[in-house]
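With CSV, C-alpha atoms inside, this is work_15.csv:
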chain,number,residue,atom,x,y,z
W,1,LEU,CA,181.1,158.6,99.0
W,2,ALA,CA,177.6,159.4,98.0
W,3,PRO,CA,175.7,162.5,98.9
W,4,PHE,CA,172.3,162.3,100.6
W,5,ASP,CA,170.5,165.7,100.4
W,6,PRO,CA,167.1,165.5,102.2
W,7,PRO,CA,164.6,168.4,102.0
W,8,MET,CA,164.2,170.2,105.3
W,9,LYS,CA,160.4,169.5,105.7
W,10,SER,CA,161.0,165.8,105.4
W,11,PHE,CA,163.7,165.7,108.1
W,12,PRO,CA,162.8,168.1,110.9
W,13,LYS,CA,165.6,166.7,113.0
W,14,PHE,CA,168.4,167.3,110.5
W,15,PRO,CA,169.8,170.6,109.2
W,16,HIS,CA,168.6,171.8,105.7
W,17,ARG,CA,170.8,170.7,102.8
W,18,MET,CA,173.2,168.9,105.2
W,19,LEU,CA,175.7,166.8,103.2
W,20,ILE,CA,176.2,163.4,104.8
W,21,ALA,CA,178.2,160.4,103.6
W,22,LEU,CA,176.5,157.1,102.8
W,23,MET,CA,178.5,153.9,102.6
W,24,VAL,CA,178.5,152.3,99.1
W,25,GLY,CA,176.1,149.7,100.4
W,26,LEU,CA,175.6,147.6,103.5
W,27,PHE,CA,176.1,144.3,101.7
W,28,LEU,CA,179.4,145.6,100.2
W,29,ALA,CA,180.8,146.8,103.5
W,30,PRO,CA,184.0,145.0,104.8
W,31,ALA,CA,182.3,143.3,107.7
W,32,ALA,CA,178.9,141.6,108.0
W,33,ASN,CA,177.2,142.3,111.3
W,34,ALA,CA,173.8,142.0,112.8
W,35,LEU,CA,171.5,144.9,113.5
W,36,ILE,CA,172.8,147.1,116.3
W,37,ILE,CA,170.3,147.3,119.2
W,38,TYR,CA,170.9,150.0,121.7
W,39,GLY,CA,171.3,148.3,125.0
W,40,GLY,CA,172.0,144.9,123.5
W,41,ALA,CA,170.2,142.4,121.3
W,42,THR,CA,169.3,139.9,124.1
W,43,GLY,CA,166.1,138.2,123.2
W,44,GLN,CA,166.0,139.8,119.7
W,45,THR,CA,167.5,137.0,117.7
W,46,THR,CA,164.4,134.8,117.6
W,47,ASP,CA,160.9,135.2,116.2
W,48,PRO,CA,159.2,137.8,118.4
W,49,GLY,CA,155.7,136.5,117.4
W,50,GLY,CA,152.8,138.9,117.0
W,51,GLY,CA,152.4,137.9,113.4
W,52,LEU,CA,155.7,139.6,112.3
W,53,PRO,CA,156.7,137.9,109.0
W,54,TRP,CA,160.1,137.0,110.5
W,55,ALA,CA,160.7,133.8,108.4
W,56,ASN,CA,160.2,135.7,105.1
W,57,VAL,CA,163.5,137.5,105.6
W,58,GLY,CA,166.5,135.6,104.3
W,59,ASN,CA,170.2,136.1,104.2
W,60,THR,CA,170.2,138.2,101.0
W,61,GLY,CA,166.6,139.6,100.6
W,62,VAL,CA,162.9,139.2,101.5
W,63,PHE,CA,160.6,136.5,100.1
W,64,LEU,CA,157.5,138.2,98.8
W,65,GLY,CA,155.5,135.0,98.1
W,66,ASN,CA,153.7,133.2,95.3
W,67,TYR,CA,152.4,135.4,92.5
W,68,ASP,CA,150.8,134.5,89.2
W,69,SER,CA,154.2,135.0,87.6
W,70,GLY,CA,156.2,132.8,90.1
W,71,TYR,CA,157.8,132.9,93.5
W,72,TRP,CA,159.5,136.3,94.0
W,73,VAL,CA,162.3,137.8,96.2
W,74,ILE,CA,162.9,141.5,96.7
W,75,THR,CA,166.3,142.9,97.7
W,76,ALA,CA,168.6,145.9,97.3
W,77,ASN,CA,170.0,146.0,93.8
W,78,HIS,CA,173.6,146.2,95.0
W,79,VAL,CA,173.2,142.9,96.8
W,80,GLY,CA,172.3,141.2,93.5
W,81,TYR,CA,170.6,137.9,92.8
W,82,VAL,CA,173.3,135.4,91.6
W,83,SER,CA,173.6,133.8,95.0
W,84,GLY,CA,169.9,133.2,95.5
W,85,ILE,CA,168.5,133.2,99.0
W,86,THR,CA,168.5,131.1,102.1
W,87,LEU,CA,165.2,131.0,104.1
W,88,ASP,CA,165.1,129.2,107.4
W,89,GLY,CA,168.1,127.0,106.5
W,90,THR,CA,166.9,126.1,103.0
W,91,HIS,CA,168.6,127.5,99.9
W,92,TYR,CA,166.7,128.6,96.8
W,93,SER,CA,168.5,129.4,93.6
W,94,ALA,CA,167.6,132.4,91.4
W,95,VAL,CA,165.9,131.7,88.1
W,96,GLY,CA,168.2,133.0,85.5
W,97,GLY,CA,166.9,135.9,83.4
W,98,THR,CA,164.2,136.8,85.9
W,99,ASN,CA,166.0,139.6,87.7
W,100,GLN,CA,164.4,143.0,87.2
W,101,ARG,CA,165.7,146.2,88.6
W,102,VAL,CA,163.1,148.9,89.4
W,103,GLY,CA,164.3,151.7,87.0
W,104,THR,CA,167.7,152.8,88.1
W,105,THR,CA,167.1,152.5,91.8
W,106,ASP,CA,168.7,150.3,94.5
W,107,LEU,CA,165.7,147.9,94.3
W,108,LEU,CA,165.8,144.5,92.6
W,109,LEU,CA,163.3,141.6,92.2
W,110,TYR,CA,163.9,138.0,91.0
W,111,ARG,CA,162.2,134.7,90.9
W,112,ILE,CA,163.5,131.6,92.8
W,113,ASP,CA,163.5,128.0,91.6
W,114,VAL,CA,161.0,126.0,93.6
W,115,SER,CA,161.4,122.7,91.6
W,116,GLY,CA,162.6,121.1,94.8
W,117,GLY,CA,159.7,122.5,96.8
W,118,ALA,CA,158.4,125.9,97.6
W,119,PRO,CA,158.8,127.9,100.8
W,120,SER,CA,156.0,127.2,103.3
W,121,LEU,CA,155.5,130.9,103.9
W,122,SER,CA,152.6,133.3,103.5
W,123,ASN,CA,152.6,136.0,100.9
W,124,LEU,CA,153.7,139.4,102.2
W,125,THR,CA,151.5,142.5,101.9
W,126,ILE,CA,153.6,145.1,100.1
W,127,SER,CA,152.8,148.6,101.5
W,128,HIS,CA,151.1,150.8,98.9
W,129,LEU,CA,151.3,153.7,101.4
W,130,SER,CA,154.3,155.3,103.1
W,131,PRO,CA,154.3,155.1,106.9
W,132,SER,CA,154.0,158.6,108.5
W,133,ILE,CA,156.9,160.3,110.2
W,134,GLY,CA,156.9,159.1,113.8
W,135,GLN,CA,155.4,155.7,112.8
W,136,ALA,CA,156.9,152.8,114.8
W,137,ILE,CA,158.6,150.2,112.5
W,138,THR,CA,160.5,146.9,113.0
W,139,MET,CA,163.6,146.0,111.1
W,140,VAL,CA,164.6,142.3,110.4
W,141,ALA,CA,168.0,141.4,108.9
W,142,ASP,CA,170.5,138.6,108.7
W,143,GLY,CA,173.8,140.4,108.1
W,144,SER,CA,175.9,138.2,110.4
W,145,GLY,CA,174.2,134.9,109.7
W,146,THR,CA,172.1,135.5,112.8
W,147,MET,CA,168.6,136.8,112.2
W,148,THR,CA,168.0,139.9,114.4
W,149,TRP,CA,165.0,142.2,114.8
W,150,GLY,CA,164.8,145.7,116.3
W,151,ASP,CA,162.5,148.7,116.5
W,152,ASN,CA,162.7,152.3,115.5
W,153,THR,CA,160.5,155.1,114.1
W,154,VAL,CA,160.3,156.8,110.7
W,155,ASP,CA,162.3,160.0,110.8
W,156,GLY,CA,161.7,161.2,107.3
W,157,TYR,CA,162.0,160.6,103.5
W,158,GLY,CA,164.2,161.9,100.7
W,159,ASN,CA,166.3,161.0,97.7
W,160,TYR,CA,169.7,159.4,98.3
W,161,THR,CA,172.5,158.1,96.1
W,162,LEU,CA,174.7,155.1,96.6
W,163,VAL,CA,178.1,155.4,94.8
W,164,SER,CA,177.7,152.0,93.2
W,165,GLU,CA,174.2,152.7,91.9
W,166,GLY,CA,174.5,156.2,90.4
W,167,PRO,CA,171.0,157.6,90.1
W,168,THR,CA,169.0,158.4,93.1
W,169,THR,CA,166.5,156.3,95.1
W,170,PHE,CA,163.6,157.6,97.2
W,171,GLY,CA,164.2,156.4,100.7
W,172,LEU,CA,162.8,156.1,104.2
W,173,VAL,CA,165.1,157.2,106.9
W,174,THR,CA,165.5,156.1,110.5
W,175,ASP,CA,168.0,157.5,112.9
W,176,TYR,CA,169.9,155.9,115.8
W,177,ASP,CA,169.4,157.9,119.0
W,178,ALA,CA,170.5,156.7,122.5
W,179,VAL,CA,167.1,155.1,123.1
W,180,ALA,CA,166.9,151.6,124.6
W,181,GLY,CA,166.0,149.0,122.0
W,182,GLU,CA,166.4,151.4,119.0
W,183,THR,CA,168.0,149.8,115.9
W,184,GLN,CA,170.6,150.7,113.4
W,185,ALA,CA,171.7,148.6,110.4
W,186,GLN,CA,175.3,147.6,109.8
W,187,GLY,CA,177.5,146.2,107.0
W,188,GLY,CA,175.8,143.1,105.6
W,189,ASP,CA,172.3,144.0,106.4
W,190,SER,CA,171.3,145.3,103.0
W,191,GLY,CA,168.3,143.5,101.6
W,192,GLY,CA,166.8,143.2,105.0
W,193,ALA,CA,163.2,144.2,105.7
W,194,LEU,CA,161.4,147.1,107.4
W,195,PHE,CA,157.8,146.3,108.5
W,196,TYR,CA,155.1,148.3,110.1
W,197,GLU,CA,152.1,147.0,111.9
W,198,VAL,CA,149.0,148.5,110.3
W,199,SER,CA,146.7,146.8,112.8
W,200,THR,CA,147.2,144.1,115.5
W,201,GLY,CA,149.1,141.2,113.8
W,202,ASN,CA,148.8,142.8,110.3
W,203,TRP,CA,152.3,143.7,109.1
W,204,TRP,CA,153.1,145.4,105.8
W,205,LEU,CA,156.5,145.4,104.1
W,206,SER,CA,157.4,149.0,103.7
W,207,GLY,CA,161.1,149.2,103.2
W,208,ILE,CA,164.2,147.3,102.0
W,209,ILE,CA,167.4,148.2,103.9
W,210,SER,CA,169.8,149.9,101.5
W,211,GLY,CA,172.5,152.1,103.1
W,212,VAL,CA,173.8,153.6,106.3
W,213,ASP,CA,175.5,156.8,107.4
W,214,THR,CA,177.8,156.6,110.4
W,215,VAL,CA,179.4,160.0,109.9
W,216,SER,CA,176.6,162.4,110.9
W,217,ASN,CA,175.1,162.6,114.3
W,218,PRO,CA,172.9,160.6,114.9
W,219,ASP,CA,173.7,157.7,112.6
W,220,ILE,CA,171.0,156.8,110.1
W,221,THR,CA,169.7,153.8,108.1
W,222,VAL,CA,168.2,154.4,104.7
W,223,SER,CA,165.7,151.9,103.2
W,224,VAL,CA,164.1,151.9,99.8
W,225,ALA,CA,160.5,153.3,100.4
W,226,LEU,CA,158.4,150.6,98.8
W,227,GLY,CA,155.2,152.6,98.9
W,228,TYR,CA,156.8,155.0,96.5
W,229,TYR,CA,157.5,152.2,94.0
W,230,TYR,CA,154.4,150.1,94.7
W,231,ASN,CA,153.1,150.3,91.1
W,232,ASP,CA,156.5,149.4,89.7
W,233,ILE,CA,156.8,146.3,91.9
W,234,VAL,CA,153.2,145.1,91.2
W,235,GLY,CA,153.9,145.6,87.5
W,236,ILE,CA,156.8,143.1,87.8
W,237,VAL,CA,155.4,140.4,90.1
W,238,GLY,CA,151.7,140.5,89.2
W,239,SER,CA,149.0,139.4,91.5
W,240,PRO,CA,149.5,137.2,94.6
W,241,LEU,CA,148.0,133.7,94.5
W,242,THR,CA,146.1,132.3,97.4
W,243,ALA,CA,147.1,129.0,98.8
W,244,VAL,CA,145.4,125.9,97.2
W,245,PRO,CA,143.7,123.8,99.9
W,246,GLU,CA,145.1,120.3,100.5
W,247,PRO,CA,143.0,117.3,99.4
W,248,ALA,CA,141.9,116.7,103.0
W,249,THR,CA,140.8,120.4,103.2
W,250,TRP,CA,138.8,120.1,100.0
W,251,ALA,CA,137.1,116.9,101.4
W,252,ALA,CA,136.1,118.8,104.6
W,253,LEU,CA,134.8,121.7,102.6
W,254,LEU,CA,132.8,119.5,100.2
W,255,GLY,CA,131.4,117.7,103.2
W,256,ALA,CA,130.4,121.0,104.8
W,257,PHE,CA,128.7,122.1,101.6
W,258,ALA,CA,126.8,118.8,101.4
W,259,LEU,CA,125.6,119.2,105.0
W,260,ILE,CA,124.4,122.7,104.3
W,261,GLY,CA,122.5,121.5,101.2
W,262,THR,CA,120.9,118.7,103.2
W,263,LEU,CA,119.7,121.1,105.9
W,264,VAL,CA,118.3,123.5,103.3
W,265,VAL,CA,116.3,120.7,101.6
W,266,ARG,CA,114.9,119.5,104.9
W,267,ARG,CA,113.9,123.0,105.9
W,268,ARG,CA,112.1,123.5,102.6
W,269,ARG,CA,110.2,120.2,103.0
W,270,ARG,CA,108.9,121.3,106.4
W,271,LEU,CA,107.5,124.6,105.0
W,272,PRO,CA,103.6,124.6,104.7
W,273,ASN,CA,102.1,124.4,101.3
Whole structure given in structure tokens:
Amino acid sequence: LAPFDPPMKSFPKFPHRMLIALMVGLFLAPAANALIIYGGATGQTTDPGGGLPWANVGNTGVFLGNYDSGYWVITANHVGYVSGITLDGTHYSAVGGTNQRVGTTDLLLYRIDVSGGAPSLSNLTISHLSPSIGQAITMVADGSGTMTWGDNTVDGYGNYTLVSEGPTTFGLVTDYDAVAGETQAQGGDSGGALFYEVSTGNWWLSGIISGVDTVSNPDITVSVALGYYYNDIVGIVGSPLTAVPEPATWAALLGAFALIGTLVVRRRRRLPN
């Protein structure tokens, strides 16, 4: 089992230098289960609305969107890329040779094959900042084949090690107190997403679910802190591309520009000499 040794200042709720056991990885755990929601998950297995990028989360990772280097997925490294990803019932294969691990961390990116059509999903905003301790977050995962979402708050940050991965990863930690609606990841949830709402309807992807600890009290979920690796991620995927308007949209835009031009000409003609 892997040690997770957080600094005291980052984890005010946990004893200093407490040694806790992390499972090898959620995806590698014996059973695949949906997120645990304290009090039950009724009503939390469908899109909650509010702009949450629910549909960008697949069965094995998170679809980042269309970048100048291709269509990218981000996931936990121990999940891998060979199986590709299923988004809203449509499967997309990984493009061979595009998988790139961020250093020696539990973070992996790869491109998907869109020759049969690209996902009709918006690009995600990758958080370049780390949510503050106490910040409300929302997890979305598909560990059981049933998409589930749930809320929690950031409890701290620190380095952790998964046995299968070796070197440490800098992670964001949430714990599982007996609070109604609070969420804990389970086996099979690795590669799921952790979002926080920067402003109303504006959600940033700030973590990728990576490991859990069910030995200590309370249980915790550890996610790769994307703000810490933002420059590494952008260095791999490049710049996001904006959607290209459909022909009908272009026609409407050109018509609007022509109308504006006509109005400007008419106004100029009415001006006194």
message = Env of region 102-107 of chain W: 8 Å cut, atoms = all atoms listed in the file, seq-sep filter 5 positions within chain, self excluded. Answer as an MDAnalysis selection string.
response = chainID W and resid 74:78 162 165:169 208 210 224 229 232:233
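With CA of Thr146 (chain W) on one side and CA of Gly84 (chain W) on the other, the separation reads 17.6 Å.
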note = What separates CA of Asp68 (chain W) and CA of Asn99 (chain W) is a distance of 16.1 Å
Pick from W:Met147, W:Leu124, W:Met139, W:Val79, whichever lies nearest to Gly58 (chain W) using all atoms listed in the file = W:Met147
ask   = What's the 10 Å shell around Asn231 (chain W), counting only C-alpha atoms, without same-chain residues fewer than 5 positions away, as an MDAnalysis selection string?
value = chainID W and resid 128 226 236
How about saving the chosen residues, C-alpha atoms kept, as a CSV table (one decimal), in the frame of the given file?
chain,number,residue,atom,x,y,z
W,128,HIS,CA,151.1,150.8,98.9
W,226,LEU,CA,158.4,150.6,98.8
W,236,ILE,CA,156.8,143.1,87.8
task = In the coordinate frame of the file, compute which residues have an atom within 9 Å of (152.0, 149.3, 106.0) when using all atoms listed in the file, and state them as a list in words.
result =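 Taken together, the residues in range are Thr125, Ile126, Ser127, His128, Leu129, Ser130, Pro131, Phe195, Tyr196, Glu197, Val198, Ser199, Asn202, Trp203, Trp204, Leu205, Ser206 and Gly227 of chain W.
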File of the preceding selection, C-alpha atoms, as a PDB file, in the coordinates of the input:
ATOM      1  CA  THR W 125     151.500 142.500 101.900  1.00  0.00           C
ATOM      2  CA  ILE W 126     153.600 145.100 100.100  1.00  0.00           C
ATOM      3  CA  SER W 127     152.800 148.600 101.500  1.00  0.00           C
ATOM      4  CA  HIS W 128     151.100 150.800  98.900  1.00  0.00           C
ATOM      5  CA  LEU W 129     151.300 153.700 101.400  1.00  0.00           C
ATOM      6  CA  SER W 130     154.300 155.300 103.100  1.00  0.00           C
ATOM      7  CA  PRO W 131     154.300 155.100 106.900  1.00  0.00           C
ATOM      8  CA  PHE W 195     157.800 146.300 108.500  1.00  0.00           C
ATOM      9  CA  TYR W 196     155.100 148.300 110.100  1.00  0.00           C
ATOM     10  CA  GLU W 197     152.100 147.000 111.900  1.00  0.00           C
ATOM     11  CA  VAL W 198     149.000 148.500 110.300  1.00  0.00           C
ATOM     12  CA  SER W 199     146.700 146.800 112.800  1.00  0.00           C
ATOM     13  CA  ASN W 202     148.800 142.800 110.300  1.00  0.00           C
ATOM     14  CA  TRP W 203     152.300 143.700 109.100  1.00  0.00           C
ATOM     15  CA  TRP W 204     153.100 145.400 105.800  1.00  0.00           C
ATOM     16  CA  LEU W 205     156.500 145.400 104.100  1.00  0.00           C
ATOM     17  CA  SER W 206     157.400 149.000 103.700  1.00  0.00           C
ATOM     18  CA  GLY W 227     155.200 152.600  98.900  1.00  0.00           C
TER      19      GLY W 227
END
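Distances to Ser239 (chain W) were evaluated for W:Pro53, W:Leu64, W:Ser69, W:Asp155 using only C-alpha atoms, and the minimum falls at W:Ser69.
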message = Please compute the CA of Gly192 (chain W)-CA of Ile209 (chain W) distance, one decimal, in Å.
response =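 Separation between CA of Gly192 (chain W) and CA of Ile209 (chain W): 5.2 Å.
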query = Using all atoms listed in the file, which of W:Trp149, W:Phe170, W:Tyr228, W:Tyr157 sits nearest Gln184 (chain W)?
reply = W:Trp149
Per residue of region 52-143 of chain W within 9 Å of region 43-48 of chain W, record the nearest atom pair and its distance in Å to one decimal, counting only C-alpha atoms, with rows in chain order and ascending residue number, as JSON lines.
{"residue": "W:Leu52", "atom": "CA", "partner": "W:Pro48", "partner_atom": "CA", "distance": 7.3}
{"residue": "W:Pro53", "atom": "CA", "partner": "W:Asp47", "partner_atom": "CA", "distance": 8.8}
{"residue": "W:Trp54", "atom": "CA", "partner": "W:Asp47", "partner_atom": "CA", "distance": 6.0}
{"residue": "W:Ala55", "atom": "CA", "partner": "W:Asp47", "partner_atom": "CA", "distance": 7.9}
ask   = In terms of the shortest atom-to-atom distance over all atoms listed in the file, which of W:Tyr67, W:Thr221, W:Thr161, W:Asn123 is closest to Val234 (chain W)?
value =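 The shortest atom-to-atom distance to Val234 (chain W) comes from W:Tyr67.
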